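K.L.:
Structure supplied as query-v9.txt; contents: compact mmCIF, C-alpha atoms and all ligand atoms.
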# COMPACT_ATOMS: atom_id res chain seq x y z
CA MET A 1 8.43 19.15 30.79
CA GLY A 2 8.96 22.88 30.73
CA ARG A 3 8.37 25.07 27.75
CA LEU A 4 12.08 25.91 27.80
CA MET A 5 13.13 22.34 27.11
CA LEU A 6 10.66 22.12 24.27
CA LYS A 7 11.87 25.39 22.85
CA GLY A 8 15.44 24.19 23.06
CA LEU A 9 14.62 21.03 21.18
CA LEU A 10 12.73 22.90 18.50
CA LYS A 11 15.51 25.42 18.13
CA PHE A 12 17.93 22.59 17.55
CA THR A 13 15.62 21.01 14.97
CA ALA A 14 15.09 24.40 13.38
CA SER A 15 18.79 25.08 12.98
CA ILE A 16 19.22 21.74 11.22
CA SER A 17 16.33 22.38 8.86
CA ILE A 18 17.65 25.87 8.11
CA MET A 19 20.98 24.38 7.13
CA MET A 20 19.31 21.87 4.87
CA THR A 21 16.56 23.98 3.29
CA ALA A 22 17.93 27.48 3.41
CA ALA A 23 15.13 29.89 2.53
CA SER A 24 11.94 27.81 2.90
CA ALA A 25 9.55 28.47 5.77
CA ALA A 26 8.80 25.63 8.18
CA ASP A 27 5.41 23.97 8.30
CA ILE A 28 4.48 23.37 11.95
CA SER A 29 1.43 21.61 13.37
CA ILE A 30 0.52 21.27 17.02
CA ILE A 31 -1.82 18.35 17.67
CA HIS A 32 -3.78 18.42 20.92
CA ALA A 33 -4.34 14.75 21.75
CA GLY A 34 -6.94 13.90 24.40
CA ARG A 35 -5.49 10.43 24.86
CA LEU A 36 -2.18 9.44 23.29
CA LEU A 37 -0.67 5.99 22.76
CA ALA A 38 2.66 7.22 21.41
CA THR A 39 4.41 3.84 21.57
CA PRO A 40 2.03 0.86 21.55
CA GLY A 41 3.01 -1.40 24.42
CA GLY A 42 3.72 1.69 26.52
CA ALA A 43 1.40 3.91 28.52
CA VAL A 44 -1.59 5.93 27.35
CA THR A 45 -1.17 9.55 28.42
CA ALA A 46 -3.85 12.22 28.63
CA GLU A 47 -3.83 15.79 27.29
CA GLN A 48 -0.64 15.81 25.24
CA SER A 49 0.65 18.06 22.47
CA ILE A 50 2.47 16.59 19.48
CA VAL A 51 4.59 19.11 17.61
CA VAL A 52 5.09 18.25 13.93
CA ARG A 53 7.66 20.14 11.92
CA ASP A 54 8.10 19.66 8.17
CA GLY A 55 6.55 16.20 8.23
CA GLU A 56 8.46 14.90 11.25
CA ILE A 57 7.65 14.66 14.93
CA ALA A 58 9.63 17.42 16.63
CA ALA A 59 8.45 16.95 20.22
CA ILE A 60 5.75 15.60 22.51
CA ALA A 61 4.83 17.88 25.40
CA PRO A 62 2.39 17.41 28.28
CA GLY A 63 -0.64 19.68 28.34
CA TYR A 64 -2.14 21.65 25.48
CA ILE A 65 0.52 24.08 24.30
CA ASP A 66 -0.20 26.89 21.84
CA ALA A 67 1.74 28.46 18.98
CA SER A 68 3.66 30.79 21.30
CA ALA A 69 5.35 27.75 22.89
CA VAL A 70 7.03 26.72 19.65
CA ASP A 71 9.94 28.63 18.33
CA ALA A 72 8.45 29.61 14.99
CA GLY A 73 9.98 32.16 12.64
CA ALA A 74 7.93 34.96 11.08
CA ASP A 75 7.45 33.03 7.82
CA ASP A 76 6.65 29.69 9.45
CA GLN A 77 3.12 28.27 9.17
CA VAL A 78 1.78 27.09 12.52
CA SER A 79 -1.57 25.26 12.71
CA LEU A 80 -3.44 23.82 15.69
CA ILE A 81 -5.19 20.46 15.31
CA ASP A 82 -7.85 19.67 17.88
CA LEU A 83 -7.99 15.96 18.75
CA LYS A 84 -8.90 16.61 22.39
CA ASP A 85 -11.86 14.21 22.17
CA SER A 86 -9.89 11.50 20.36
CA PHE A 87 -7.60 8.56 20.98
CA VAL A 88 -4.39 9.19 19.04
CA LEU A 89 -1.92 6.50 17.94
CA PRO A 90 0.78 5.91 15.31
CA GLY A 91 -0.23 5.24 11.69
CA LEU A 92 -1.05 1.56 11.14
CA ILE A 93 1.14 -0.81 9.10
CA ASP A 94 -0.12 -3.75 7.03
CA SER A 95 2.72 -6.16 6.26
CA HIS A 96 0.89 -8.14 3.57
CA VAL A 97 -1.20 -6.54 0.84
CA HIS A 98 -1.66 -6.81 -2.91
CA ILE A 99 -2.37 -3.18 -3.63
CA THR A 100 -2.93 -3.44 -7.39
CA SER A 101 -5.69 -6.07 -7.40
CA GLU A 102 -8.76 -7.31 -5.57
CA LEU A 103 -10.20 -10.82 -5.62
CA GLY A 104 -13.45 -11.17 -7.54
CA PRO A 105 -15.23 -13.09 -10.30
CA ARG A 106 -13.51 -11.04 -13.03
CA GLY A 107 -10.01 -11.37 -11.61
CA LYS A 108 -8.83 -14.01 -14.05
CA LEU A 109 -10.01 -12.04 -17.06
CA SER A 110 -8.51 -8.78 -15.78
CA VAL A 111 -5.04 -10.36 -15.99
CA VAL A 112 -5.31 -10.39 -19.78
CA GLU A 113 -7.53 -7.31 -20.15
CA ASN A 114 -5.66 -4.71 -18.11
CA SER A 115 -2.50 -3.00 -19.29
CA ASP A 116 0.19 -2.07 -16.79
CA ALA A 117 -1.10 1.49 -16.87
CA ASP A 118 -4.61 0.24 -16.01
CA THR A 119 -3.17 -1.79 -13.16
CA ALA A 120 -1.31 1.20 -11.74
CA ILE A 121 -4.42 3.39 -11.86
CA ILE A 122 -6.56 0.70 -10.24
CA GLY A 123 -3.82 0.43 -7.60
CA ALA A 124 -4.05 4.18 -6.99
CA ARG A 125 -7.72 3.79 -6.08
CA TYR A 126 -6.93 0.99 -3.62
CA ALA A 127 -3.96 2.90 -2.20
CA LYS A 128 -6.17 5.88 -1.36
CA ARG A 129 -8.76 3.62 0.27
CA THR A 130 -6.00 2.00 2.35
CA LEU A 131 -4.64 5.31 3.59
CA MET A 132 -8.14 6.54 4.51
CA ALA A 133 -8.53 3.38 6.61
CA GLY A 134 -5.58 4.55 8.74
CA PHE A 135 -2.87 2.40 7.16
CA THR A 136 -0.01 4.80 6.50
CA THR A 137 2.46 2.06 5.47
CA VAL A 138 1.93 -1.19 3.58
CA ARG A 139 4.17 -3.91 2.25
CA ASP A 140 3.08 -5.30 -1.11
CA VAL A 141 4.09 -8.95 -1.50
CA GLY A 142 3.36 -9.72 -5.12
CA ALA A 143 1.84 -7.53 -7.80
CA ARG A 144 0.66 -8.30 -11.29
CA GLY A 145 1.98 -6.47 -14.31
CA ASP A 146 5.52 -5.44 -15.02
CA ASP A 147 6.12 -2.13 -13.27
CA ALA A 148 2.72 -0.91 -12.06
CA VAL A 149 3.43 -1.39 -8.36
CA PHE A 150 6.80 0.37 -8.56
CA ALA A 151 5.28 3.29 -10.49
CA LEU A 152 2.58 3.50 -7.82
CA ARG A 153 5.13 3.38 -4.99
CA ASP A 154 7.23 6.14 -6.57
CA GLY A 155 4.17 8.24 -7.44
CA ILE A 156 3.02 8.14 -3.82
CA GLU A 157 6.53 9.04 -2.64
CA ARG A 158 6.59 12.08 -4.98
CA GLY A 159 3.14 13.15 -3.81
CA ASP A 160 1.51 12.64 -7.23
CA VAL A 161 -0.80 9.94 -5.87
CA VAL A 162 -2.54 9.66 -2.47
CA GLY A 163 -1.59 6.46 -0.67
CA PRO A 164 0.38 4.85 2.12
CA ARG A 165 4.15 4.48 2.18
CA LEU A 166 4.54 1.47 -0.07
CA PHE A 167 7.25 -1.17 -0.08
CA ALA A 168 7.01 -3.64 -2.95
CA SER A 169 8.48 -7.01 -3.93
CA GLY A 170 7.54 -7.01 -7.63
CA HIS A 171 7.09 -10.49 -9.04
CA THR A 172 6.86 -13.42 -6.66
CA ILE A 173 9.66 -16.00 -6.86
CA SER A 174 7.97 -19.30 -7.71
CA PRO A 175 8.83 -22.59 -9.40
CA THR A 176 7.20 -23.43 -12.73
CA GLY A 177 3.73 -24.74 -11.99
CA GLY A 178 4.00 -23.38 -8.44
CA HIS A 179 1.62 -21.13 -6.55
CA GLY A 180 3.26 -17.92 -7.77
CA GLN A 181 2.54 -18.67 -11.40
CA ARG A 182 -0.82 -18.06 -13.03
CA HIS A 183 -2.92 -21.07 -13.91
CA GLY A 184 -6.06 -21.92 -15.81
CA TYR A 185 -5.28 -20.19 -19.11
CA ARG A 186 -4.76 -21.44 -22.68
CA ASN A 187 -1.08 -22.36 -23.15
CA ASP A 188 -0.15 -19.53 -25.50
CA ILE A 189 -1.47 -16.94 -23.04
CA PHE A 190 1.48 -17.71 -20.74
CA ASP A 191 3.83 -16.00 -23.20
CA VAL A 192 1.87 -12.80 -22.64
CA ILE A 193 1.54 -12.96 -18.85
CA LYS A 194 4.89 -14.53 -17.97
CA SER A 195 6.64 -13.48 -14.78
CA SER A 196 10.35 -12.83 -14.26
CA GLY A 197 9.96 -14.43 -10.82
CA VAL A 198 9.40 -17.98 -12.10
CA CYS A 199 12.58 -20.03 -11.72
CA ASN A 200 13.89 -23.59 -11.39
CA GLY A 201 17.21 -24.72 -9.96
CA VAL A 202 19.89 -22.77 -8.13
CA GLY A 203 21.27 -20.64 -10.97
CA ASP A 204 17.89 -19.69 -12.38
CA CYS A 205 16.55 -18.75 -8.94
CA ARG A 206 19.55 -16.48 -8.36
CA ARG A 207 18.68 -14.85 -11.68
CA ALA A 208 15.04 -14.40 -10.64
CA VAL A 209 15.99 -12.68 -7.35
CA ARG A 210 18.52 -10.42 -9.06
CA GLU A 211 15.88 -9.54 -11.63
CA GLN A 212 13.53 -8.26 -8.89
CA VAL A 213 16.35 -6.25 -7.31
CA ARG A 214 17.09 -4.72 -10.71
CA ARG A 215 13.41 -3.84 -10.99
CA THR A 216 13.87 -1.93 -7.65
CA ALA A 217 12.14 -4.44 -5.35
CA ASP A 218 12.35 -3.44 -1.67
CA HIS A 219 12.18 -7.05 -0.51
CA ILE A 220 11.83 -10.53 -2.01
CA LYS A 221 8.70 -12.68 -1.81
CA LEU A 222 8.85 -16.37 -2.58
CA VAL A 223 6.35 -19.18 -2.44
CA SER A 224 7.77 -22.20 -0.66
CA THR A 225 4.51 -24.19 -0.76
CA GLY A 226 1.33 -24.43 -2.78
CA GLY A 227 -1.38 -21.85 -2.16
CA VAL A 228 -5.13 -21.56 -2.04
CA LEU A 229 -5.92 -19.23 -4.91
CA SER A 230 -3.77 -20.79 -7.65
CA GLU A 231 -6.02 -22.73 -9.98
CA THR A 232 -4.15 -25.99 -9.66
CA ALA A 233 -4.66 -29.10 -7.57
CA ALA A 234 -1.03 -29.09 -6.40
CA GLY A 235 -1.76 -29.11 -2.68
CA THR A 236 -0.32 -26.83 -0.04
CA GLY A 237 2.99 -28.62 0.61
CA GLN A 238 6.60 -27.71 -0.17
CA GLN A 239 7.27 -26.75 -3.82
CA PHE A 240 10.80 -25.31 -3.92
CA PHE A 241 13.64 -27.67 -3.02
CA ASP A 242 16.05 -26.81 -0.22
CA ASP A 243 18.90 -25.84 -2.57
CA GLU A 244 16.61 -23.45 -4.44
CA LEU A 245 15.43 -21.89 -1.18
CA GLU A 246 19.02 -21.41 -0.01
CA ALA A 247 19.99 -19.82 -3.35
CA ILE A 248 17.08 -17.38 -3.07
CA MET A 249 17.93 -16.38 0.53
CA ASP A 250 21.67 -16.02 -0.11
CA THR A 251 21.19 -13.96 -3.26
CA ALA A 252 18.60 -11.66 -1.70
CA HIS A 253 20.58 -11.16 1.50
CA ALA A 254 23.77 -10.49 -0.46
CA MET A 255 21.91 -7.67 -2.21
CA GLY A 256 20.51 -6.26 1.04
CA ARG A 257 16.96 -7.53 0.65
CA LYS A 258 14.91 -9.34 3.29
CA VAL A 259 12.99 -12.41 2.15
CA THR A 260 9.50 -13.49 3.07
CA ALA A 261 7.97 -16.84 2.18
CA HIS A 262 4.37 -17.67 1.49
CA ALA A 263 3.93 -21.05 3.19
CA HIS A 264 1.05 -23.25 4.33
CA GLY A 265 2.43 -26.79 4.82
CA ALA A 266 4.80 -27.39 7.76
CA ASP A 267 7.39 -28.96 5.41
CA GLY A 268 7.65 -25.74 3.37
CA ILE A 269 7.49 -23.47 6.43
CA ASN A 270 10.33 -25.33 8.13
CA ALA A 271 12.44 -25.62 4.97
CA ALA A 272 12.18 -21.87 4.39
CA LEU A 273 13.08 -21.13 8.03
CA ARG A 274 16.05 -23.52 7.86
CA ALA A 275 17.22 -21.75 4.70
CA GLY A 276 17.19 -18.46 6.64
CA VAL A 277 13.96 -16.74 5.60
CA ASP A 278 13.13 -13.52 7.50
CA SER A 279 9.37 -14.04 7.74
CA ILE A 280 6.59 -16.46 6.89
CA GLU A 281 3.26 -15.42 5.38
CA HIS A 282 0.16 -17.42 6.48
CA GLY A 283 1.98 -20.30 8.27
CA THR A 284 -1.23 -22.33 8.29
CA PHE A 285 0.06 -25.77 9.27
CA ALA A 286 3.00 -24.62 11.38
CA ASP A 287 4.05 -27.18 14.00
CA ASN A 288 6.16 -27.04 17.17
CA GLU A 289 9.35 -27.42 15.11
CA SER A 290 8.25 -24.34 13.10
CA PHE A 291 7.80 -22.30 16.28
CA ARG A 292 11.25 -23.41 17.50
CA LEU A 293 12.80 -22.33 14.18
CA PHE A 294 10.95 -18.99 14.20
CA LYS A 295 12.47 -18.17 17.58
CA ARG A 296 15.91 -19.49 16.70
CA ASN A 297 15.99 -17.29 13.57
CA ASP A 298 14.25 -14.31 15.20
CA ALA A 299 11.84 -14.55 12.23
CA TYR A 300 8.37 -13.02 12.04
CA LEU A 301 5.02 -14.64 11.34
CA VAL A 302 2.49 -12.66 9.29
CA PRO A 303 -0.61 -14.83 9.78
CA THR A 304 -3.20 -13.04 7.55
CA VAL A 305 -6.17 -14.48 9.46
CA LEU A 306 -8.51 -12.24 7.46
CA ALA A 307 -7.47 -13.98 4.23
CA GLY A 308 -8.33 -17.37 5.73
CA VAL A 309 -11.74 -16.13 6.84
CA THR A 310 -12.40 -14.50 3.44
CA VAL A 311 -11.52 -17.51 1.27
CA ALA A 312 -13.48 -19.88 3.53
CA GLU A 313 -16.53 -17.62 3.18
CA ILE A 314 -16.27 -17.46 -0.60
CA ALA A 315 -15.67 -21.24 -0.86
CA SER A 316 -18.77 -22.08 1.17
CA ASP A 317 -21.03 -19.98 -1.08
CA PRO A 318 -22.92 -22.43 -3.35
CA ASP A 319 -22.53 -19.95 -6.24
CA SER A 320 -18.83 -19.42 -5.48
CA PHE A 321 -16.72 -18.11 -8.37
CA PHE A 322 -13.81 -20.26 -7.14
CA ALA A 323 -12.71 -23.09 -9.47
CA PRO A 324 -13.13 -26.55 -7.86
CA ALA A 325 -9.39 -26.92 -7.07
CA VAL A 326 -9.39 -23.53 -5.33
CA ARG A 327 -12.58 -24.25 -3.41
CA ASP A 328 -11.17 -27.49 -1.96
CA LYS A 329 -7.99 -25.80 -0.74
CA ALA A 330 -9.88 -22.80 0.66
CA LYS A 331 -12.11 -25.03 2.77
CA LEU A 332 -9.04 -26.86 4.08
CA VAL A 333 -6.79 -23.86 4.79
CA GLY A 334 -9.20 -21.03 5.67
CA PRO A 335 -10.42 -22.16 9.07
CA GLN A 336 -6.94 -23.30 10.24
CA ILE A 337 -5.15 -19.96 10.31
CA LEU A 338 -6.80 -18.49 13.41
CA GLU A 339 -6.11 -21.60 15.48
CA MET A 340 -2.47 -21.69 14.30
CA THR A 341 -2.11 -17.99 15.20
CA ARG A 342 -3.31 -18.78 18.71
CA ARG A 343 -0.66 -21.51 19.07
CA ALA A 344 2.09 -19.33 17.57
CA HIS A 345 1.28 -16.43 19.88
CA ALA A 346 1.19 -18.73 22.90
CA ALA A 347 4.58 -20.15 21.85
CA GLY A 348 6.07 -16.64 21.81
CA VAL A 349 6.54 -16.24 18.04
CA LYS A 350 6.86 -12.61 16.90
CA ILE A 351 3.71 -11.69 14.95
CA ALA A 352 3.58 -8.79 12.51
CA PHE A 353 0.14 -7.56 11.45
CA GLY A 354 -0.76 -8.46 7.87
CA THR A 355 -4.03 -9.12 6.10
CA ASP A 356 -3.42 -10.30 2.52
CA THR A 357 -5.77 -7.48 1.51
CA GLY A 358 -6.57 -7.83 -2.15
CA VAL A 359 -7.98 -11.20 -1.13
CA SER A 360 -10.27 -9.27 1.26
CA LYS A 361 -11.43 -5.78 0.25
CA HIS A 362 -9.06 -2.82 0.26
CA GLY A 363 -9.91 -0.52 3.15
CA ASP A 364 -11.12 -3.39 5.36
CA ASN A 365 -7.58 -4.09 6.64
CA ALA A 366 -8.48 -3.27 10.26
CA ARG A 367 -10.81 -6.29 10.46
CA GLU A 368 -7.65 -8.28 11.24
CA PHE A 369 -7.40 -6.66 14.70
CA LEU A 370 -10.46 -8.45 16.06
CA LEU A 371 -9.26 -11.75 14.58
CA LEU A 372 -5.90 -11.36 16.33
CA VAL A 373 -7.75 -10.69 19.59
CA GLU A 374 -9.87 -13.81 18.97
CA ALA A 375 -6.56 -15.66 18.55
CA GLY A 376 -5.54 -14.67 22.07
CA MET A 377 -3.78 -11.32 21.71
CA THR A 378 -4.76 -8.40 23.88
CA PRO A 379 -5.89 -5.31 21.93
CA MET A 380 -2.58 -3.69 22.94
CA GLN A 381 -0.60 -6.62 21.53
CA ALA A 382 -2.61 -6.51 18.29
CA ILE A 383 -1.98 -2.75 17.94
CA ARG A 384 1.71 -3.30 18.70
CA ALA A 385 1.79 -5.93 15.92
CA ALA A 386 0.52 -3.27 13.48
CA THR A 387 2.92 -0.53 14.63
CA VAL A 388 6.09 -1.19 16.65
CA VAL A 389 6.54 -4.83 15.61
CA ALA A 390 5.57 -4.28 11.95
CA ALA A 391 8.04 -1.38 11.71
CA GLU A 392 10.84 -3.57 13.09
CA HIS A 393 9.83 -6.32 10.70
CA LEU A 394 10.16 -3.88 7.79
CA ASP A 395 13.48 -2.57 9.16
CA LYS A 396 11.90 0.89 9.20
CA ASP A 397 11.58 1.42 12.95
CA ASP A 398 13.84 4.45 12.65
CA ILE A 399 11.07 6.31 10.79
CA ILE A 400 7.71 4.63 11.53
CA GLY A 401 5.91 2.52 14.15
CA SER A 402 5.63 5.02 17.02
CA ILE A 403 5.09 8.71 17.65
CA ALA A 404 8.52 9.90 18.74
CA PRO A 405 10.84 12.83 17.94
CA GLY A 406 12.66 12.30 14.65
CA LYS A 407 10.12 9.88 13.21
CA ALA A 408 7.75 10.60 10.35
CA ALA A 409 4.50 12.24 11.45
CA ASP A 410 2.26 9.28 10.62
CA ILE A 411 -0.62 9.70 13.06
CA VAL A 412 -4.20 8.40 13.22
CA ALA A 413 -7.06 8.95 15.63
CA VAL A 414 -10.37 7.34 16.60
CA ASP A 415 -13.29 8.44 18.77
CA GLY A 416 -13.45 5.53 21.21
CA ASP A 417 -10.86 3.52 23.10
CA PRO A 418 -9.37 0.77 20.88
CA LEU A 419 -7.81 -0.86 23.97
CA ALA A 420 -11.34 -1.50 25.26
CA ASP A 421 -12.82 -2.37 21.85
CA VAL A 422 -10.32 -3.04 19.10
CA THR A 423 -13.01 -2.74 16.38
CA GLU A 424 -12.81 1.04 16.97
CA LEU A 425 -9.88 0.84 14.54
CA GLN A 426 -12.32 -0.05 11.75
CA ASP A 427 -13.56 3.53 11.93
CA ILE A 428 -10.57 5.88 11.70
CA ASP A 429 -11.47 9.58 11.91
CA PHE A 430 -8.13 11.27 11.38
CA VAL A 431 -5.18 10.38 9.17
CA MET A 432 -1.89 12.25 8.91
CA LYS A 433 1.00 10.90 6.86
CA GLY A 434 4.33 12.70 6.76
CA GLY A 435 2.73 15.71 8.43
CA VAL A 436 0.01 16.04 5.77
CA ILE A 437 -3.62 15.58 6.84
CA TYR A 438 -5.52 13.26 4.49
CA LYS A 439 -8.64 12.72 6.61
CA ASP A 440 -10.24 14.77 9.37
CA ASP A 441 -13.83 13.77 10.16
ZN ZN B 1 -0.85 -12.65 -0.45
Spit out the file's structure as structure tokens when you get a sec.
P.N.:
Amino acid sequence: MGRLMLKGLLKFTASISIMMTAASAADISIIHAGRLLATPGGAVTAEQSIVVRDGEIAAIAPGYIDASAVDAGADDQVSLIDLKDSFVLPGLIDSHVHITSELGPRGKLSVVENSDADTAIIGARYAKRTLMAGFTTVRDVGARGDDAVFALRDGIERGDVVGPRLFASGHTISPTGGHGQRHGYRNDIFDVIKSSGVCNGVGDCRRAVREQVRRTADHIKLVSTGGVLSETAAGTGQQFFDDELEAIMDTAHAMGRKVTAHAHGADGINAALRAGVDSIEHGTFADNESFRLFKRNDAYLVPTVLAGVTVAEIASDPDSFFAPAVRDKAKLVGPQILEMTRRAHAAGVKIAFGTDTGVSKHGDNAREFLLLVEAGMTPMQAIRAATVVAAEHLDKDDIIGSIAPGKAADIVAVDGDPLADVTELQDIDFVMKGGVIYKDD
């Protein structure tokens, strides 16, 4: 592409930004990318220049262009970023995290020790760690406390706190005694730690969904089956009844929110899919009927293989801090997820990258890539799951998921070739989010 075309495009962008932000000077970066995977699934190109203007991608041009090639005004800041020796790709997306907590022996106590303010500040530490690991967007699917996760999300958006773009569900929608409720405390403690997401019956579940929307939830998370880490021997089968599931979906969709369901047992996976859920988290015991329903509904699977591996490891430790009920479920569920992911991928189910980080350690999110490859994905497919596919899953593919003009400048880089060795993504050297550099090793 000629310099003229590029100039024309920039001029057009510039005239828009002048209209919108009259007097302010533009902030322009030119990234020289040695190898560029602009749209995972597409080609890798060599020696490219990415022009970033006020936090957005303005253009991609072949060759290494310099400041004179961009149409900068006298007051504009133009900086050159040298990634000639790097492999450059879009910022990574984790579709399943719990950003305000991390599993550990003191977790149960921290629920009654930490205030909401404590929780938000702890979340800020994890958010920074996540961004430094190359994850520029995460979806939180269940946070403790009342408004900590929303305060964290908004603080990051304002630039007060360093972290990834954060989309949050607030409290998880769960039946009384279900996986989304806390267990293993003295009875009167429940008055202190109660959740607005706990509901029973159609009317009450509509209330619970509306309550999360009022609290500014970006999406709705429900638990349709039992789960591993709840301290109750209630199995991993279906917990909400079909009419409750339908009420949750209809209410959320009517208010413009997508719904994702935590589900292990096939009965709960299939019931949630029949009720119209948009995605399934874990999906451990999914069967052929599940895969058929996934494809019929165009729903996504977020397998969280890393969570399965992590809980199985902790459960097999003789000194495990897991309560007996948790240990039994972890040993049953943990090892199944990778095998199920292999079957789901082979069946053609759409898989969005998600880790359940908070079960595993914050900042280790990229360990999931190798697990997805072990489950039969190519490195390219695994990277696509964490970029293009995850962005579509979040309904944010207009702003994230690839490096393309008009999208946010969320860009990461590594030394080696992640298509040859996907574990390269566990060592991210460069992180830009919204045009701001947060890491440059
Ligand atoms: Zn989770």
K.L.:
My list of candidates is A:His282, A:Arg384, A:Lys433, A:Arg214. Which is closest to ligand ZN 1 (chain B) when distances are computed with only C-alpha atoms and all ligand atoms?
P.N.:
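Result for the nearest residue to ligand ZN 1 (chain B): A:His282.
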K.L.:
Given the choices A:Arg125, A:Arg296, A:Arg210, A:His262, which gets closest to ligand ZN 1 (chain B) if the distance is worked out from only C-alpha atoms and all ligand atoms?
P.N.:
A:His262
K.L.:
Hey, which residues come within 9 Å of ligand ZN 1 (chain B) if we count all atoms listed in the file? Could you give them as JSON, numbers by chain?
P.N.:
{"A": [96, 97, 98, 140, 141, 142, 262, 281, 282, 304, 307, 355, 356, 357, 358, 359]}
K.L.:
If you measure from atom CA of Ala151 of chain A to atom CA of Glu102 of chain A, what distance in Å do you get, rounded to one decimal?
P.N.:
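Atom-to-atom, atom CA of Ala151 of chain A to atom CA of Glu102 of chain A, that is 18.3 Å.
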K.L.:
Env of Ile220 of chain A: 12 Å cut, atoms = all atoms listed in the file, seq-sep filter 2 positions within chain, self excluded. Answer as an MDAnalysis selection string.
P.N.:
chainID A and resid 139:143 167:174 197 205:206 208:218 222:223 245 248:253 255:262 277:280 394
K.L.:
Pick from A:Ile337, A:Gly376, A:Leu301, A:Glu313: nearest to Lys350 of chain A, with all atoms listed in the file counted?
P.N.:
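Answer, going by the shortest atom-to-atom distance: A:Leu301.
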K.L.:
Kindly give the distance, in Å, that separates atom CA of Ile403 of chain A and atom CA of Pro40 of chain A, rounded to a single decimal.
P.N.:
9.3 Å
K.L.:
To box segment 149-165 of chain A, take all atoms listed in the file, fit an axis-aligned box, add 3 Å on each side, and give centre and edge lengths in Å to one decimal, as AutoDock Vina command-line options.
P.N.:
--center_x 2.3 --center_y 5.9 --center_z -4.2 --size_x 15.8 --size_y 20.5 --size_z 18.7
K.L.:
Pick from A:Pro105, A:Asn297, A:Gly55, A:Arg292: nearest to Asp319 of chain A, with all atoms listed in the file counted?
P.N.:
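Of all the options, A:Pro105 lies closest to Asp319 of chain A.
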K.L.:
Restricting the calculation to only C-alpha atoms: of A:Ala247, A:Val333, A:Val162, A:Ala120, which residue gets closest to Gly434 of chain A?
P.N.:
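Nearest candidate to Gly434 of chain A out of A:Ala247, A:Val333, A:Val162, A:Ala120: A:Val162.
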K.L.:
Check the smallest atom-to-atom distance from each of A:Ile28, A:Ala33, A:Ala408, A:Met432 to Glu47 of chain A using only C-alpha atoms, then report the winner.
P.N.:
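The closest residue to Glu47 of chain A is A:Ala33.
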K.L.:
What's the separation between atom CA of Leu419 of chain A and atom CA of Pro164 of chain A, in Å to one decimal place?
P.N.:
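Pair atom CA of Leu419 of chain A / atom CA of Pro164 of chain A returns 24.0 Å.
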K.L.:
Starting from the point (10.0, -29.3, 5.3), work out which residues of protein, DNA or RNA have an atom no more than 12 Å away when counting only C-alpha atoms; state them as a count of residues only.
P.N.:
29
K.L.:
Quick one: residues within 8 Å of Asp440 of chain A, all atoms listed in the file, excluding same-chain residues fewer than 2 positions away - as a VMD selection string?
P.N.:
chain A and resid 429 to 431 437 to 438
K.L.:
When you look at Val311 of chain A with a cut-off of 8 Å (counting all atoms listed in the file), what residues show up, excluding the ones that are within fewer than 6 positions of it in the same chain? I need them as a VMD selection string.
P.N.:
chain A and resid 330 to 331 334 359
K.L.:
Please check which residues have atoms at most 12 Å from (-12.5, 4.1, 28.3) in the file's coordinates, counting only C-alpha atoms, and write them as a list in words.
P.N.:
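Output: Gly34, Arg35, Val44, Ala46, Asp85, Ser86, Phe87, Asp415, Gly416, Asp417, Pro418, Leu419, Ala420, Asp421, Val422 and Glu424 of chain A.
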K.L.:
Give me, as a PyMOL selection string, all polymer residues having an atom no more than 12 Å from Gly435 of chain A, counting all atoms listed in the file and skipping those fewer than 2 positions away in the same chain.
P.N.:
chain A and resi 26-31+50-58+79+81+91+136+403+407-412+431-433+437-439
K.L.:
Keeping only C-alpha atoms, write the selected residues to a file as a tab-separated table (two decimals), keeping the file's coordinate frame.
P.N.:
chain	number	residue	atom	x	y	z
A	26	ALA	CA	8.80	25.63	8.18
A	27	ASP	CA	5.41	23.97	8.30
A	28	ILE	CA	4.48	23.37	11.95
A	29	SER	CA	1.43	21.61	13.37
A	30	ILE	CA	0.52	21.27	17.02
A	31	ILE	CA	-1.82	18.35	17.67
A	50	ILE	CA	2.47	16.59	19.48
A	51	VAL	CA	4.59	19.11	17.61
A	52	VAL	CA	5.09	18.25	13.93
A	53	ARG	CA	7.66	20.14	11.92
A	54	ASP	CA	8.10	19.66	8.17
A	55	GLY	CA	6.55	16.20	8.23
A	56	GLU	CA	8.46	14.90	11.25
A	57	ILE	CA	7.65	14.66	14.93
A	58	ALA	CA	9.63	17.42	16.63
A	79	SER	CA	-1.57	25.26	12.71
A	81	ILE	CA	-5.19	20.46	15.31
A	91	GLY	CA	-0.23	5.24	11.69
A	136	THR	CA	-0.01	4.80	6.50
A	403	ILE	CA	5.09	8.71	17.65
A	407	LYS	CA	10.12	9.88	13.21
A	408	ALA	CA	7.75	10.60	10.35
A	409	ALA	CA	4.50	12.24	11.45
A	410	ASP	CA	2.26	9.28	10.62
A	411	ILE	CA	-0.62	9.70	13.06
A	412	VAL	CA	-4.20	8.40	13.22
A	431	VAL	CA	-5.18	10.38	9.17
A	432	MET	CA	-1.89	12.25	8.91
A	433	LYS	CA	1.00	10.90	6.86
A	437	ILE	CA	-3.62	15.58	6.84
A	438	TYR	CA	-5.52	13.26	4.49
A	439	LYS	CA	-8.64	12.72	6.61
K.L.:
Find the spatial neighbours of Leu109 of chain A, counting only C-alpha atoms, within a cut-off of 12 Å - ignore same-chain residues fewer than 5 positions away - and output them as number ranges by chain.
P.N.:
A: 103-104, 114-115, 182-185, 189, 193
